[in-house]
Amino acid sequence: MSVPLSPFVEISRADWAALATSSETPLTDAEIAQIRGLGDFLDIREVTEVYLPLSRLLNLYVAATQALHERESQFLGERAKNVPFVIGIAGSVAVGKSTVARLLRELLSRWPGTPKVALVTTDGFLHPNAELERRNIMHRKGFPESYDRLSLLNFVADLKSGAERVEAPVYSHLVYDIVQNEKIVVESPDVVIIEGLNVLQPPAIGQEVALSDYFDFTIYVDAEVDHVTSWFIGRFEKLRESAFTDPASYFHRYAEMPYEQALARAHEIWRTINLPNLIENIQPTRSRAKLVLRKGAEHSVERVLLRKS
């Protein structure tokens with residue numbers, strides 16, 4: 001029987017944890033609680049066994065990339081620019097990729113050589129709701145066509161060109177829309193983490209360059225579809241009891257309607273929007289990642305898949 005071909009080396013949780021150079025996390029329980037997303041799982045053991053080794057690996061990649069960039073500049077007779085190391089993090093809605101991004105930002109900023117770590121989510125590059133409605137694709141928010149992909153591409157290209165100051169739009173999950181006249185400013189970072197659903201997508205039609213062409217390292221946060229479905233519904237229930245109770249929330253109506261009706265609506269949103277996007281657009285990009293974090297039913301990473309060199 002032939003063995004299925006895979007570009008990855010699969011590493012068990014125990015073997016991956018053994019790669020940690022220290023058993024002590026630089027984060028406190030309070031800091032971990034602030035980083036952890038709603039409905040996600042993260043404790044000191046998870047940080048120590050999974051994310052400390054990952055941050056160490058990334059630190060090695062940053063150092064090697066910086067050294068190569070400097071030598072390449074010398075070879076070309078150019079002055080080396082301060083070009084950030086860019087990490088792309090992809091995965092489904094509710095899989096926990098935002099928690100991974102926030103955690104890596106904190107860990108990497110504590111390594112020597114990368115004190116300035118910026119985090120930008122691609123939500124800010126969604127088209128405003130008014131534009132989505134004009135295009136009749138409000139029901140496809142989060143799908144590739146709902147983003148201003150050219151603006152996102154130009155943003156990352158500017159970062160990799162060594163621009164000292166780059167701006168990105170701001171997205172509010174409260175009002176579910178772009179915040180007008182607000183910007184995230186990224187100034188001379190050592191590392192930039194770009195987190196979003198579709199950051200590993202191939203080039204858009206009519207474009208020769210993909211966003212991931214500018215990434216130095218890519219991560220895909222993975223889990224069985226049934227697990228992600230459960231996490232999405234659980235998070236919706238928690239949001240219904242917290243953020244959705246704010247009258248300013250776009251989803252305030254779900255806090256006011258009967259529980260069973262709201263839950264039915266959550267299942268409908270997952271079935272008609274998030275699941276198709278996951279199956280059609282997000283999951284197929286998993287094989288493009290350098291590293292895959294494979295989660296089990298309890299939101300904890302069980303295996304790490306590292307692309308073969």
# chains A, B, ... in the order shown; residues from 1 in each chain; ligands from 1
call {"tool": "residues_around", "arguments": {"residues": "segment 295-307 of chain A", "least_positions_apart": "5", "cutoff": "8 Å", "atoms": "only C-alpha atoms", "output": "short mmCIF file (atom, residue, chain, number, x, y, z; two decimals) with N, CA, C and O atoms, in the first residue's frame"}}
result
data_model
loop_
_atom_site.label_atom_id
_atom_site.label_comp_id
_atom_site.auth_asym_id
_atom_site.auth_seq_id
_atom_site.Cartn_x
_atom_site.Cartn_y
_atom_site.Cartn_z
N PRO A 7 3.66 17.26 2.23
CA PRO A 7 4.80 18.17 2.30
C PRO A 7 5.23 18.44 3.74
O PRO A 7 6.18 19.19 3.97
N PHE A 8 4.54 17.84 4.71
CA PHE A 8 4.78 18.14 6.12
C PHE A 8 5.41 16.98 6.89
O PHE A 8 5.16 15.82 6.59
N VAL A 9 6.20 17.34 7.87
CA VAL A 9 6.64 16.41 8.90
C VAL A 9 5.68 16.58 10.07
O VAL A 9 5.47 17.70 10.55
N GLU A 10 5.05 15.49 10.52
CA GLU A 10 4.08 15.58 11.61
C GLU A 10 4.78 15.31 12.94
O GLU A 10 5.46 14.30 13.11
N ILE A 11 4.62 16.23 13.88
CA ILE A 11 5.30 16.16 15.17
C ILE A 11 4.24 16.07 16.27
O ILE A 11 3.32 16.90 16.33
N SER A 12 4.36 15.08 17.14
CA SER A 12 3.39 14.93 18.23
C SER A 12 3.53 16.07 19.23
O SER A 12 4.57 16.73 19.30
N ARG A 13 2.50 16.27 20.02
CA ARG A 13 2.53 17.31 21.05
C ARG A 13 3.72 17.09 22.00
O ARG A 13 4.43 18.03 22.34
N TRP A 16 7.04 17.89 20.27
CA TRP A 16 7.14 19.34 20.04
C TRP A 16 7.47 20.06 21.35
O TRP A 16 8.32 20.96 21.39
N ASP A 40 -12.12 30.37 23.65
CA ASP A 40 -10.89 29.68 23.31
C ASP A 40 -10.27 29.09 24.57
O ASP A 40 -10.67 29.41 25.69
N PHE A 41 -9.28 28.23 24.37
CA PHE A 41 -8.56 27.63 25.49
C PHE A 41 -7.10 28.04 25.43
O PHE A 41 -6.47 27.98 24.39
N LEU A 42 -6.56 28.47 26.57
CA LEU A 42 -5.15 28.82 26.65
C LEU A 42 -4.76 28.87 28.12
O LEU A 42 -5.36 29.59 28.90
N GLU A 46 -0.20 25.15 27.88
CA GLU A 46 -0.33 25.28 26.43
C GLU A 46 0.72 26.26 25.89
O GLU A 46 1.36 26.01 24.86
N VAL A 50 3.53 24.47 23.59
CA VAL A 50 3.25 24.68 22.16
C VAL A 50 3.87 25.97 21.63
O VAL A 50 4.59 25.97 20.62
N VAL A 95 -11.68 29.32 15.17
CA VAL A 95 -10.67 28.29 15.40
C VAL A 95 -9.60 28.74 16.39
O VAL A 95 -8.83 27.93 16.90
N GLY A 96 -9.56 30.03 16.68
CA GLY A 96 -8.62 30.54 17.67
C GLY A 96 -7.38 31.21 17.09
O GLY A 96 -6.41 31.43 17.81
N VAL A 221 -4.04 27.54 11.46
CA VAL A 221 -4.63 26.96 12.67
C VAL A 221 -5.78 26.06 12.22
O VAL A 221 -6.75 26.51 11.62
N ASP A 222 -5.67 24.77 12.54
CA ASP A 222 -6.53 23.76 11.95
C ASP A 222 -7.29 22.97 13.01
O ASP A 222 -6.85 22.85 14.16
N ALA A 223 -8.44 22.44 12.62
CA ALA A 223 -9.24 21.57 13.49
C ALA A 223 -10.31 20.90 12.65
O ALA A 223 -10.63 21.35 11.54
N GLU A 224 -10.87 19.81 13.15
CA GLU A 224 -11.97 19.15 12.48
C GLU A 224 -13.15 20.11 12.37
O GLU A 224 -13.41 20.91 13.28
N HIS A 227 -15.56 20.21 15.27
CA HIS A 227 -15.06 20.93 16.43
C HIS A 227 -15.25 22.44 16.24
O HIS A 227 -15.70 23.14 17.16
N ALA A 289 0.71 26.56 3.93
CA ALA A 289 1.35 27.05 5.15
C ALA A 289 2.70 26.39 5.38
O ALA A 289 2.95 25.27 4.93
N LYS A 290 3.55 27.09 6.10
CA LYS A 290 4.83 26.52 6.53
C LYS A 290 4.63 25.62 7.74
O LYS A 290 5.31 24.61 7.90
#
call {"tool": "closest_atom_pairs", "arguments": {"of": "segment 21-96 of chain A", "to": "segment 144-167 of chain A", "cutoff": "7 Å", "atoms": "only C-alpha atoms", "output": "Markdown table"}}
result
| residue | atom | partner | partner_atom | distance |
| --- | --- | --- | --- | --- |
| A:Lys81 | CA | A:Gly162 | CA | 5.9 |
| A:Asn82 | CA | A:Gly162 | CA | 5.8 |
| A:Val83 | CA | A:Gly162 | CA | 4.7 |
| A:Pro84 | CA | A:Lys160 | CA | 6.5 |
call {"tool": "residues_around", "arguments": {"residues": "segment 184-195 of chain A", "least_positions_apart": "6", "cutoff": "9 Å", "atoms": "only C-alpha atoms", "output": "PyMOL selection string"}}
result
chain A and resi 62+82-91+97-98+101-102+104-105+108-109+113-123+156+159+162-170+215
call {"tool": "select_by_dssp", "arguments": {"residues": "segment 189-257 of chain A", "states": "alpha helix (DSSP H)", "output": "mmCIF file with all heavy atoms, in the first residue's frame"}}
result
data_model
loop_
_atom_site.group_PDB
_atom_site.id
_atom_site.type_symbol
_atom_site.label_atom_id
_atom_site.label_comp_id
_atom_site.auth_asym_id
_atom_site.auth_seq_id
_atom_site.Cartn_x
_atom_site.Cartn_y
_atom_site.Cartn_z
ATOM 1 N N VAL A 225 -13.867 20.011 11.267
ATOM 2 C CA VAL A 225 -14.996 20.923 11.028
ATOM 3 C C VAL A 225 -16.032 20.828 12.146
ATOM 4 O O VAL A 225 -16.578 21.846 12.584
ATOM 5 C CB VAL A 225 -15.641 20.620 9.661
ATOM 6 C CG1 VAL A 225 -16.951 21.404 9.506
ATOM 7 C CG2 VAL A 225 -14.683 20.974 8.533
ATOM 8 N N ASP A 226 -16.305 19.614 12.637
ATOM 9 C CA ASP A 226 -17.285 19.448 13.717
ATOM 10 C C ASP A 226 -16.860 20.205 14.976
ATOM 11 O O ASP A 226 -17.699 20.787 15.673
ATOM 12 C CB ASP A 226 -17.477 17.970 14.045
ATOM 13 C CG ASP A 226 -18.249 17.224 12.974
ATOM 14 O OD1 ASP A 226 -18.830 17.895 12.086
ATOM 15 O OD2 ASP A 226 -18.264 15.985 13.012
ATOM 16 N N HIS A 227 -15.559 20.208 15.266
ATOM 17 C CA HIS A 227 -15.061 20.933 16.433
ATOM 18 C C HIS A 227 -15.247 22.442 16.245
ATOM 19 O O HIS A 227 -15.701 23.143 17.159
ATOM 20 C CB HIS A 227 -13.577 20.637 16.660
ATOM 21 C CG HIS A 227 -13.269 19.205 16.954
ATOM 22 N ND1 HIS A 227 -14.203 18.337 17.484
ATOM 23 C CD2 HIS A 227 -12.128 18.481 16.794
ATOM 24 C CE1 HIS A 227 -13.658 17.148 17.645
ATOM 25 N NE2 HIS A 227 -12.405 17.210 17.225
ATOM 26 N N VAL A 228 -14.888 22.937 15.065
ATOM 27 C CA VAL A 228 -15.002 24.377 14.809
ATOM 28 C C VAL A 228 -16.461 24.812 14.847
ATOM 29 O O VAL A 228 -16.788 25.889 15.351
ATOM 30 C CB VAL A 228 -14.360 24.748 13.455
ATOM 31 C CG1 VAL A 228 -14.379 26.265 13.257
ATOM 32 C CG2 VAL A 228 -12.929 24.248 13.376
ATOM 33 N N THR A 229 -17.342 23.969 14.348
ATOM 34 C CA THR A 229 -18.773 24.268 14.404
ATOM 35 C C THR A 229 -19.217 24.446 15.854
ATOM 36 O O THR A 229 -19.906 25.414 16.198
ATOM 37 C CB THR A 229 -19.589 23.131 13.757
ATOM 38 O OG1 THR A 229 -19.170 22.938 12.412
ATOM 39 C CG2 THR A 229 -21.079 23.458 13.786
ATOM 40 N N SER A 230 -18.819 23.531 16.698
ATOM 41 C CA SER A 230 -19.167 23.587 18.119
ATOM 42 C C SER A 230 -18.601 24.839 18.773
ATOM 43 O O SER A 230 -19.278 25.501 19.563
ATOM 44 C CB SER A 230 -18.644 22.336 18.820
ATOM 45 O OG SER A 230 -18.859 22.395 20.217
ATOM 46 N N TRP A 231 -17.367 25.193 18.432
ATOM 47 C CA TRP A 231 -16.738 26.386 19.015
ATOM 48 C C TRP A 231 -17.457 27.655 18.568
ATOM 49 O O TRP A 231 -17.627 28.590 19.348
ATOM 50 C CB TRP A 231 -15.265 26.448 18.618
ATOM 51 C CG TRP A 231 -14.471 25.274 19.092
ATOM 52 C CD1 TRP A 231 -14.791 24.414 20.116
ATOM 53 C CD2 TRP A 231 -13.230 24.793 18.558
ATOM 54 N NE1 TRP A 231 -13.831 23.436 20.247
ATOM 55 C CE2 TRP A 231 -12.861 23.635 19.309
ATOM 56 C CE3 TRP A 231 -12.396 25.212 17.523
ATOM 57 C CZ2 TRP A 231 -11.687 22.937 19.044
ATOM 58 C CZ3 TRP A 231 -11.237 24.514 17.265
ATOM 59 C CH2 TRP A 231 -10.887 23.393 18.013
ATOM 60 N N PHE A 232 -17.871 27.684 17.304
ATOM 61 C CA PHE A 232 -18.578 28.864 16.797
ATOM 62 C C PHE A 232 -19.896 29.052 17.538
ATOM 63 O O PHE A 232 -20.232 30.169 17.964
ATOM 64 C CB PHE A 232 -18.848 28.729 15.295
ATOM 65 C CG PHE A 232 -19.698 29.848 14.741
ATOM 66 C CD1 PHE A 232 -19.147 31.084 14.448
ATOM 67 C CD2 PHE A 232 -21.063 29.665 14.543
ATOM 68 C CE1 PHE A 232 -19.933 32.113 13.950
ATOM 69 C CE2 PHE A 232 -21.856 30.681 14.044
ATOM 70 C CZ PHE A 232 -21.292 31.925 13.752
ATOM 71 N N ILE A 233 -20.652 27.984 17.694
ATOM 72 C CA ILE A 233 -21.948 28.083 18.385
ATOM 73 C C ILE A 233 -21.731 28.454 19.855
ATOM 74 O O ILE A 233 -22.446 29.293 20.407
ATOM 75 C CB ILE A 233 -22.725 26.757 18.278
ATOM 76 C CG1 ILE A 233 -23.017 26.418 16.809
ATOM 77 C CG2 ILE A 233 -24.021 26.843 19.072
ATOM 78 C CD1 ILE A 233 -23.801 27.472 16.048
ATOM 79 N N GLY A 234 -20.728 27.856 20.492
ATOM 80 C CA GLY A 234 -20.440 28.193 21.883
ATOM 81 C C GLY A 234 -20.036 29.647 22.048
ATOM 82 O O GLY A 234 -20.442 30.311 23.011
ATOM 83 N N ARG A 235 -19.247 30.153 21.117
ATOM 84 C CA ARG A 235 -18.841 31.559 21.189
ATOM 85 C C ARG A 235 -20.032 32.485 20.972
ATOM 86 O O ARG A 235 -20.164 33.517 21.635
ATOM 87 C CB ARG A 235 -17.748 31.859 20.150
ATOM 88 C CG ARG A 235 -17.140 33.249 20.296
ATOM 89 C CD ARG A 235 -16.023 33.489 19.327
ATOM 90 N NE ARG A 235 -16.486 33.622 17.952
ATOM 91 C CZ ARG A 235 -15.697 33.948 16.930
ATOM 92 N NH1 ARG A 235 -14.399 34.123 17.130
ATOM 93 N NH2 ARG A 235 -16.190 34.071 15.711
ATOM 94 N N PHE A 236 -20.908 32.106 20.052
ATOM 95 C CA PHE A 236 -22.121 32.903 19.816
ATOM 96 C C PHE A 236 -22.947 32.996 21.093
ATOM 97 O O PHE A 236 -23.441 34.079 21.446
ATOM 98 C CB PHE A 236 -22.942 32.259 18.692
ATOM 99 C CG PHE A 236 -24.189 33.013 18.334
ATOM 100 C CD1 PHE A 236 -24.188 33.934 17.300
ATOM 101 C CD2 PHE A 236 -25.379 32.814 19.039
ATOM 102 C CE1 PHE A 236 -25.343 34.645 16.970
ATOM 103 C CE2 PHE A 236 -26.529 33.509 18.723
ATOM 104 C CZ PHE A 236 -26.513 34.428 17.687
ATOM 105 N N GLU A 237 -23.088 31.884 21.805
ATOM 106 C CA GLU A 237 -23.862 31.882 23.042
ATOM 107 C C GLU A 237 -23.242 32.818 24.084
ATOM 108 O O GLU A 237 -23.957 33.550 24.774
ATOM 109 C CB GLU A 237 -23.961 30.468 23.594
ATOM 110 C CG GLU A 237 -24.813 29.541 22.737
ATOM 111 C CD GLU A 237 -24.839 28.117 23.276
ATOM 112 O OE1 GLU A 237 -23.767 27.482 23.318
ATOM 113 O OE2 GLU A 237 -25.929 27.660 23.668
ATOM 114 N N LYS A 238 -21.916 32.805 24.170
ATOM 115 C CA LYS A 238 -21.231 33.677 25.134
ATOM 116 C C LYS A 238 -21.363 35.145 24.733
ATOM 117 O O LYS A 238 -21.564 36.022 25.575
ATOM 118 C CB LYS A 238 -19.758 33.283 25.258
ATOM 119 C CG LYS A 238 -19.527 31.952 25.968
ATOM 120 C CD LYS A 238 -18.043 31.660 26.087
ATOM 121 C CE LYS A 238 -17.788 30.405 26.941
ATOM 122 N NZ LYS A 238 -18.301 29.189 26.286
ATOM 123 N N LEU A 239 -21.242 35.427 23.439
ATOM 124 C CA LEU A 239 -21.381 36.801 22.954
ATOM 125 C C LEU A 239 -22.804 37.314 23.173
ATOM 126 O O LEU A 239 -23.007 38.495 23.465
ATOM 127 C CB LEU A 239 -21.021 36.876 21.470
ATOM 128 C CG LEU A 239 -19.537 36.772 21.139
ATOM 129 C CD1 LEU A 239 -19.338 36.598 19.640
ATOM 130 C CD2 LEU A 239 -18.778 38.004 21.632
ATOM 131 N N ARG A 240 -23.776 36.421 23.031
ATOM 132 C CA ARG A 240 -25.171 36.809 23.238
ATOM 133 C C ARG A 240 -25.397 37.298 24.666
ATOM 134 O O ARG A 240 -26.243 38.166 24.920
ATOM 135 C CB ARG A 240 -26.091 35.621 22.938
ATOM 136 C CG ARG A 240 -27.577 35.930 23.046
ATOM 137 C CD ARG A 240 -28.410 34.721 22.640
ATOM 138 N NE ARG A 240 -29.826 35.004 22.845
ATOM 139 C CZ ARG A 240 -30.480 34.824 23.992
ATOM 140 N NH1 ARG A 240 -29.816 34.329 25.046
ATOM 141 N NH2 ARG A 240 -31.755 35.113 24.102
ATOM 142 N N HIS A 252 -27.124 43.219 18.447
ATOM 143 C CA HIS A 252 -27.909 43.384 19.669
ATOM 144 C C HIS A 252 -29.244 42.644 19.598
ATOM 145 O O HIS A 252 -29.755 42.153 20.618
ATOM 146 C CB HIS A 252 -28.158 44.872 19.927
ATOM 147 C CG HIS A 252 -28.947 45.151 21.161
ATOM 148 N ND1 HIS A 252 -28.522 44.786 22.417
ATOM 149 C CD2 HIS A 252 -30.173 45.750 21.342
ATOM 150 C CE1 HIS A 252 -29.418 45.158 23.318
ATOM 151 N NE2 HIS A 252 -30.423 45.728 22.681
ATOM 152 N N ARG A 253 -29.789 42.517 18.398
ATOM 153 C CA ARG A 253 -31.095 41.854 18.245
ATOM 154 C C ARG A 253 -31.061 40.403 18.719
ATOM 155 O O ARG A 253 -32.075 39.858 19.166
ATOM 156 C CB ARG A 253 -31.551 41.909 16.785
ATOM 157 C CG ARG A 253 -30.595 41.263 15.798
ATOM 158 C CD ARG A 253 -31.026 41.578 14.346
ATOM 159 N NE ARG A 253 -30.134 40.995 13.347
ATOM 160 C CZ ARG A 253 -28.991 41.531 12.971
ATOM 161 N NH1 ARG A 253 -28.562 42.642 13.537
ATOM 162 N NH2 ARG A 253 -28.247 40.958 12.037
ATOM 163 N N TYR A 254 -29.875 39.769 18.655
ATOM 164 C CA TYR A 254 -29.778 38.375 19.083
ATOM 165 C C TYR A 254 -29.819 38.235 20.597
ATOM 166 O O TYR A 254 -30.164 37.168 21.118
ATOM 167 C CB TYR A 254 -28.503 37.741 18.536
ATOM 168 C CG TYR A 254 -28.458 37.691 17.031
ATOM 169 C CD1 TYR A 254 -27.326 38.103 16.327
ATOM 170 C CD2 TYR A 254 -29.546 37.242 16.295
ATOM 171 C CE1 TYR A 254 -27.289 38.056 14.945
ATOM 172 C CE2 TYR A 254 -29.526 37.204 14.910
ATOM 173 C CZ TYR A 254 -28.386 37.616 14.244
ATOM 174 O OH TYR A 254 -28.370 37.579 12.868
ATOM 175 N N ALA A 255 -29.471 39.301 21.296
ATOM 176 C CA ALA A 255 -29.555 39.292 22.754
ATOM 177 C C ALA A 255 -30.993 39.473 23.212
ATOM 178 O O ALA A 255 -31.362 39.062 24.319
ATOM 179 C CB ALA A 255 -28.672 40.383 23.346
ATOM 180 N N GLU A 256 -31.823 40.080 22.353
ATOM 181 C CA GLU A 256 -33.200 40.385 22.732
ATOM 182 C C GLU A 256 -34.174 39.285 22.314
ATOM 183 O O GLU A 256 -35.213 39.112 22.931
ATOM 184 C CB GLU A 256 -33.625 41.719 22.104
ATOM 185 C CG GLU A 256 -32.859 42.924 22.656
ATOM 186 C CD GLU A 256 -33.401 44.236 22.131
ATOM 187 O OE1 GLU A 256 -33.665 44.314 20.908
ATOM 188 O OE2 GLU A 256 -33.573 45.168 22.928
#
call {"tool": "select_by_dssp", "arguments": {"residues": "segment 110-243 of chain A", "states": "strand (DSSP E)", "output": "PyMOL selection string"}}
result
chain A and resi 117-121+165-172+177-187+191-195+217-222
call {"tool": "atom_distance", "arguments": {"atom1": "atom CA of Ile32 of chain A", "atom2": "atom CA of Ile178 of chain A"}}
result
28.0 Å
call {"tool": "atom_distance", "arguments": {"atom1": "atom CA of Leu174 of chain A", "atom2": "atom CA of Leu211 of chain A"}}
result
27.2 Å
call {"tool": "closest_residue", "arguments": {"among": "A:Asn136, A:Leu19, A:Gly39, A:Ser73", "to": "Tyr51 of chain A", "atoms": "only C-alpha atoms"}}
result
A:Leu19
call {"tool": "closest_residue", "arguments": {"among": "A:Gln283, A:Asn129, A:Thr245, A:Thr28", "to": "Leu197 of chain A", "atoms": "only C-alpha atoms"}}
result
A:Gln283
call {"tool": "closest_residue", "arguments": {"among": "A:Lys183, A:Arg36, A:Arg140, A:Arg45", "to": "Val100 of chain A", "atoms": "only C-alpha atoms"}}
result
A:Arg36
call {"tool": "closest_residue", "arguments": {"among": "A:Arg288, A:Phe143, A:Ser249, A:Lys308", "to": "Val93 of chain A", "atoms": "only C-alpha atoms"}}
result
A:Phe143
call {"tool": "residues_around", "arguments": {"residues": "Ser212 of chain A", "least_positions_apart": "4", "cutoff": "9 Å", "atoms": "only C-alpha atoms", "output": "PyMOL selection string"}}
result
chain A and resi 88+199-203+216-218+288
call {"tool": "write_last_selection", "arguments": {"atoms": "N, CA, C and O atoms", "output": "compact mmCIF listing (two decimals), in the first residue's frame"}}
result
# COMPACT_ATOMS: atom_id res chain seq x y z
N GLY A 88 2.19 35.33 8.39
CA GLY A 88 0.77 35.24 8.07
C GLY A 88 0.13 34.11 8.86
O GLY A 88 0.68 33.02 8.94
N VAL A 199 -5.61 34.84 4.30
CA VAL A 199 -4.29 35.41 4.00
C VAL A 199 -3.41 34.48 3.16
O VAL A 199 -2.38 34.92 2.64
N LEU A 200 -3.78 33.21 3.03
CA LEU A 200 -2.98 32.28 2.24
C LEU A 200 -3.59 32.01 0.87
O LEU A 200 -3.18 31.09 0.16
N GLN A 201 -4.56 32.85 0.47
CA GLN A 201 -5.21 32.68 -0.82
C GLN A 201 -4.21 32.87 -1.97
O GLN A 201 -3.27 33.66 -1.87
N PRO A 202 -4.40 32.15 -3.08
CA PRO A 202 -3.59 32.39 -4.28
C PRO A 202 -3.94 33.77 -4.86
O PRO A 202 -4.89 34.41 -4.39
N PRO A 203 -3.21 34.23 -5.87
CA PRO A 203 -3.49 35.55 -6.44
C PRO A 203 -4.94 35.68 -6.92
O PRO A 203 -5.52 34.72 -7.41
N ASP A 216 7.18 35.83 5.25
CA ASP A 216 8.40 35.09 5.52
C ASP A 216 8.10 33.76 6.23
O ASP A 216 8.93 32.85 6.19
N PHE A 217 6.95 33.68 6.86
CA PHE A 217 6.55 32.46 7.56
C PHE A 217 5.03 32.45 7.61
O PHE A 217 4.40 33.49 7.82
N THR A 218 4.44 31.27 7.43
CA THR A 218 2.98 31.17 7.42
C THR A 218 2.51 30.06 8.34
O THR A 218 3.11 28.99 8.42
N ARG A 288 -0.62 25.43 1.88
CA ARG A 288 0.31 26.50 1.52
C ARG A 288 1.10 26.99 2.74
O ARG A 288 2.05 27.77 2.58
call {"tool": "atom_distance", "arguments": {"atom1": "atom CA of Arg271 of chain A", "atom2": "atom CA of Ala248 of chain A"}}
result
26.2 Å
call {"tool": "closest_residue", "arguments": {"among": "A:Gln207, A:Thr65, A:Ser309, A:Ser6", "to": "Ser287 of chain A", "atoms": "only C-alpha atoms"}}
result
A:Ser6
